[in-house]
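Peer 1: Quick one: this structure, given as structure tokens, is what I'll be asking you about.
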Amino acid sequence: VQLQASGGGLVQAGGSLRLSCAASGSIFSSKIMDWYRQAPGKQRELVASISSGGSTNYKDSVKGRFTISRDNAKNTVYLQMDSLKPEDTAVYYCAVRRNWLASTPDYWGQGTLVTVSS
């Protein structure tokens, strides 16, 4: 199983970035896809999740600014991040979870760094 995240970079506050995560076809279509982030000195936290049917959940602090989506045909999940704030600075990770009841992902991708300057 491989997850390949991309799209991170440096952006000014108020700007936008779109993260992508390409996954192995054998595990993508039926699973929950998550985006996590970890800021320096802080614990990793769940940012957004999407089911195979398109149901979504978001961390309160990103609601209305971030949008998670997936393209099952391309085995790819996206995180559109708008109105970025300096506190969104973190390494972002995509992950695969077997279902909504699972507390932790089964697979992780490598991180992609997002830096938001003030």
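Residues in the structure tokens are named by chain (A, B, ... in the order shown) and by number from 1 within that chain; ligands are numbered from 1 in the order shown.
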Write out as a ChimeraX atom specification which residues come within 6 Å of Tyr78 in chain A when counting only C-alpha atoms, dropping same-chain ones fewer than 6 positions away.
Peer 2: /A:19-20,68-70
Peer 1: Range 44-52 of chain A: which residues within 10 Å, counting only C-alpha atoms, same-chain residues fewer than 4 positions away excluded, as JSON, numbers by chain?
Peer 2: {"A": [28, 29, 30, 31, 32, 33, 34, 35, 36, 37, 38, 39, 40, 56, 57, 58, 59, 60, 61, 62, 63, 66, 67, 68, 69, 70, 71, 72, 77, 78, 79, 90, 91, 92, 93, 94, 95, 96, 97, 98, 99, 100, 104]}
Peer 1: Write out the residues from the selection above, keeping N, CA and C atoms, as a compact mmCIF listing (two decimals), in the first residue's frame.
Peer 2:
```txt
# COMPACT_ATOMS: atom_id res chain seq x y z
N PHE A 28 -8.22 1.86 -2.04
CA PHE A 28 -8.76 3.21 -2.03
C PHE A 28 -10.28 3.25 -2.02
N SER A 29 -10.91 2.51 -2.91
CA SER A 29 -12.31 2.76 -3.22
C SER A 29 -13.27 2.51 -2.05
N SER A 30 -12.95 1.62 -1.16
CA SER A 30 -13.90 1.26 -0.11
C SER A 30 -13.55 1.84 1.26
N LYS A 31 -12.56 2.67 1.33
CA LYS A 31 -12.05 3.10 2.62
C LYS A 31 -12.33 4.57 2.91
N ILE A 32 -12.18 4.93 4.17
CA ILE A 32 -12.21 6.32 4.60
C ILE A 32 -10.83 6.92 4.33
N MET A 33 -10.82 8.07 3.72
CA MET A 33 -9.57 8.78 3.50
C MET A 33 -9.51 9.98 4.44
N ASP A 34 -8.38 10.13 5.10
CA ASP A 34 -8.18 11.20 6.08
C ASP A 34 -7.04 12.11 5.65
N TRP A 35 -7.14 13.36 6.09
CA TRP A 35 -6.00 14.27 6.10
C TRP A 35 -5.72 14.64 7.56
N TYR A 36 -4.49 14.44 7.99
CA TYR A 36 -4.02 14.83 9.30
C TYR A 36 -2.99 15.95 9.11
N ARG A 37 -2.68 16.63 10.20
CA ARG A 37 -1.58 17.57 10.18
C ARG A 37 -0.87 17.56 11.53
N GLN A 38 0.40 17.92 11.48
CA GLN A 38 1.19 18.02 12.69
C GLN A 38 2.03 19.28 12.63
N ALA A 39 1.74 20.20 13.53
CA ALA A 39 2.51 21.44 13.63
C ALA A 39 3.71 21.21 14.54
N PRO A 40 4.75 22.03 14.41
CA PRO A 40 5.94 21.87 15.25
C PRO A 40 5.59 21.88 16.73
N THR A 56 -18.47 13.59 4.57
CA THR A 56 -17.28 14.28 5.05
C THR A 56 -17.41 14.71 6.50
N ASN A 57 -16.25 14.84 7.14
CA ASN A 57 -16.15 15.42 8.48
C ASN A 57 -14.96 16.36 8.50
N TYR A 58 -15.07 17.42 9.29
CA TYR A 58 -13.99 18.41 9.37
C TYR A 58 -13.71 18.79 10.82
N LYS A 59 -12.47 19.11 11.06
CA LYS A 59 -12.10 19.74 12.33
C LYS A 59 -12.77 21.11 12.36
N ASP A 60 -13.25 21.51 13.53
CA ASP A 60 -14.02 22.75 13.62
C ASP A 60 -13.25 23.95 13.08
N SER A 61 -11.97 24.01 13.35
CA SER A 61 -11.21 25.21 12.99
C SER A 61 -10.99 25.36 11.48
N VAL A 62 -11.29 24.33 10.70
CA VAL A 62 -11.11 24.43 9.25
C VAL A 62 -12.44 24.43 8.50
N LYS A 63 -13.53 24.24 9.21
CA LYS A 63 -14.84 24.23 8.54
C LYS A 63 -15.07 25.56 7.83
N PHE A 66 -11.65 24.67 4.42
CA PHE A 66 -11.06 23.50 3.77
C PHE A 66 -12.16 22.63 3.18
N THR A 67 -11.86 22.01 2.05
CA THR A 67 -12.80 21.09 1.42
C THR A 67 -12.06 19.82 1.02
N ILE A 68 -12.53 18.69 1.52
CA ILE A 68 -11.96 17.40 1.15
C ILE A 68 -12.82 16.78 0.05
N SER A 69 -12.18 16.17 -0.91
CA SER A 69 -12.90 15.51 -1.99
C SER A 69 -12.08 14.32 -2.46
N ARG A 70 -12.70 13.48 -3.24
CA ARG A 70 -11.98 12.31 -3.75
C ARG A 70 -12.45 11.99 -5.15
N ASP A 71 -11.54 11.43 -5.93
CA ASP A 71 -11.84 10.94 -7.26
C ASP A 71 -11.52 9.46 -7.27
N ASN A 72 -12.54 8.64 -7.12
CA ASN A 72 -12.32 7.20 -7.01
C ASN A 72 -11.73 6.61 -8.29
N VAL A 77 -7.29 11.55 -3.37
CA VAL A 77 -8.06 12.40 -2.46
C VAL A 77 -7.40 13.77 -2.44
N TYR A 78 -8.21 14.80 -2.30
CA TYR A 78 -7.73 16.18 -2.34
C TYR A 78 -8.11 16.92 -1.07
N LEU A 79 -7.34 17.94 -0.76
CA LEU A 79 -7.70 18.86 0.31
C LEU A 79 -7.50 20.27 -0.23
N ALA A 90 1.85 23.40 9.04
CA ALA A 90 2.06 22.05 9.56
C ALA A 90 2.52 21.13 8.43
N VAL A 91 2.94 19.96 8.82
CA VAL A 91 3.12 18.89 7.84
C VAL A 91 1.79 18.16 7.74
N TYR A 92 1.30 18.03 6.53
CA TYR A 92 0.01 17.39 6.28
C TYR A 92 0.23 15.97 5.76
N TYR A 93 -0.54 15.03 6.30
CA TYR A 93 -0.44 13.63 5.96
C TYR A 93 -1.78 13.10 5.48
N CYS A 94 -1.77 12.30 4.44
CA CYS A 94 -2.97 11.57 4.09
C CYS A 94 -2.89 10.17 4.71
N ALA A 95 -4.06 9.58 4.92
CA ALA A 95 -4.11 8.28 5.58
C ALA A 95 -5.37 7.54 5.15
N VAL A 96 -5.34 6.24 5.35
CA VAL A 96 -6.47 5.37 5.00
C VAL A 96 -6.99 4.71 6.26
N ARG A 97 -8.29 4.75 6.43
CA ARG A 97 -8.93 4.13 7.61
C ARG A 97 -9.99 3.16 7.10
N ARG A 98 -10.14 2.03 7.79
CA ARG A 98 -11.03 0.99 7.27
C ARG A 98 -12.49 1.39 7.34
N ASN A 99 -12.91 2.14 8.36
CA ASN A 99 -14.29 2.59 8.46
C ASN A 99 -14.37 3.72 9.47
N TRP A 100 -15.56 4.31 9.63
CA TRP A 100 -15.74 5.45 10.53
C TRP A 100 -15.47 5.07 12.00
N THR A 104 -7.86 4.92 14.47
CA THR A 104 -6.59 5.31 13.85
C THR A 104 -6.51 4.72 12.45
```
Peer 1: Would you list the contacts of Asp82 in chain A as a compact mmCIF listing (two decimals) with N, CA, C and O atoms, in the first residue's frame, taking every protein, DNA or RNA residue within 9 Å and counting only C-alpha atoms, but skipping same-chain residues closer than 6 positions in sequence?
Peer 2:
```txt
# COMPACT_ATOMS: atom_id res chain seq x y z
N GLY A 14 -4.31 34.06 3.92
CA GLY A 14 -5.41 34.39 3.03
C GLY A 14 -5.36 33.67 1.70
O GLY A 14 -6.33 33.70 0.94
N GLY A 15 -4.25 33.03 1.42
CA GLY A 15 -4.07 32.32 0.17
C GLY A 15 -4.65 30.92 0.19
O GLY A 15 -5.29 30.51 1.16
N SER A 16 -4.41 30.20 -0.90
CA SER A 16 -4.97 28.87 -1.08
C SER A 16 -3.90 27.88 -1.53
O SER A 16 -2.93 28.26 -2.19
N LEU A 17 -4.12 26.62 -1.17
CA LEU A 17 -3.32 25.51 -1.66
C LEU A 17 -4.24 24.32 -1.84
O LEU A 17 -5.25 24.20 -1.13
N ARG A 18 -3.89 23.43 -2.76
CA ARG A 18 -4.61 22.18 -2.89
C ARG A 18 -3.64 21.02 -2.74
O ARG A 18 -2.68 20.91 -3.52
N GLY A 64 -15.55 25.45 6.60
CA GLY A 64 -15.80 26.64 5.81
C GLY A 64 -14.58 27.14 5.06
O GLY A 64 -14.70 28.02 4.19
N ARG A 65 -13.41 26.60 5.38
CA ARG A 65 -12.18 27.03 4.69
C ARG A 65 -11.55 25.88 3.90
O ARG A 65 -10.96 26.11 2.85
N PHE A 66 -11.65 24.67 4.42
CA PHE A 66 -11.06 23.50 3.77
C PHE A 66 -12.16 22.63 3.18
O PHE A 66 -13.25 22.51 3.75
N THR A 67 -11.86 22.01 2.05
CA THR A 67 -12.80 21.09 1.42
C THR A 67 -12.06 19.82 1.02
O THR A 67 -11.07 19.88 0.27
```
Peer 1: When you count only C-alpha atoms, which of these residues is closest to Ser24 in chain A: A:Ala73, A:Val11, A:Leu84, A:Val114?
Peer 2: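 Smallest distance to Ser24 in chain A is found for A:Ala73.
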Peer 1: Between CA of Cys21 in chain A and CA of Ser118 in chain A, what is the distance, to one decimal in Å?
Peer 2: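 Here the two named atoms are 26.6 Å from each other.
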Peer 1: Using only C-alpha atoms, find the one residue out of A:Gly41, A:Gly7, A:Thr76, A:Ser103 that sits nearest to Ala22 in chain A.
Peer 2: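 For Ala22 in chain A, the nearest of the candidates is A:Thr76.
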Peer 1: Going by DSSP on the backbone, which bits of chain A are alpha helix (DSSP H)? Write them as an MDAnalysis selection string, please.
Peer 2: chainID A and resid 25:28
Peer 1: Please report the interatomic distance between CA of Ala23 in chain A and CA of Gln2 in chain A in Å with one decimal.
Peer 2: 5.8 Å
Peer 1: As a list in words, list the residues of range 62-104 of chain A assigned to strand (DSSP E or B) by DSSP on the backbone atoms of this structure.
Peer 2: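 Result set for range 62-104 of chain A (strand (DSSP E or B)): Phe66, Thr67, Ile68, Ser69, Arg70, Asp71, Thr76, Val77, Tyr78, Leu79, Gln80, Met81, Ala90, Val91, Tyr92, Tyr93, Cys94, Ala95, Val96 and Arg97 of chain A.
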Peer 1: Mind pulling up the distance from CA of Glu87 in chain A to CA of Gln12 in chain A?
Peer 2: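 According to the coordinates, CA of Gln12 in chain A and CA of Glu87 in chain A are separated by 11.8 Å.
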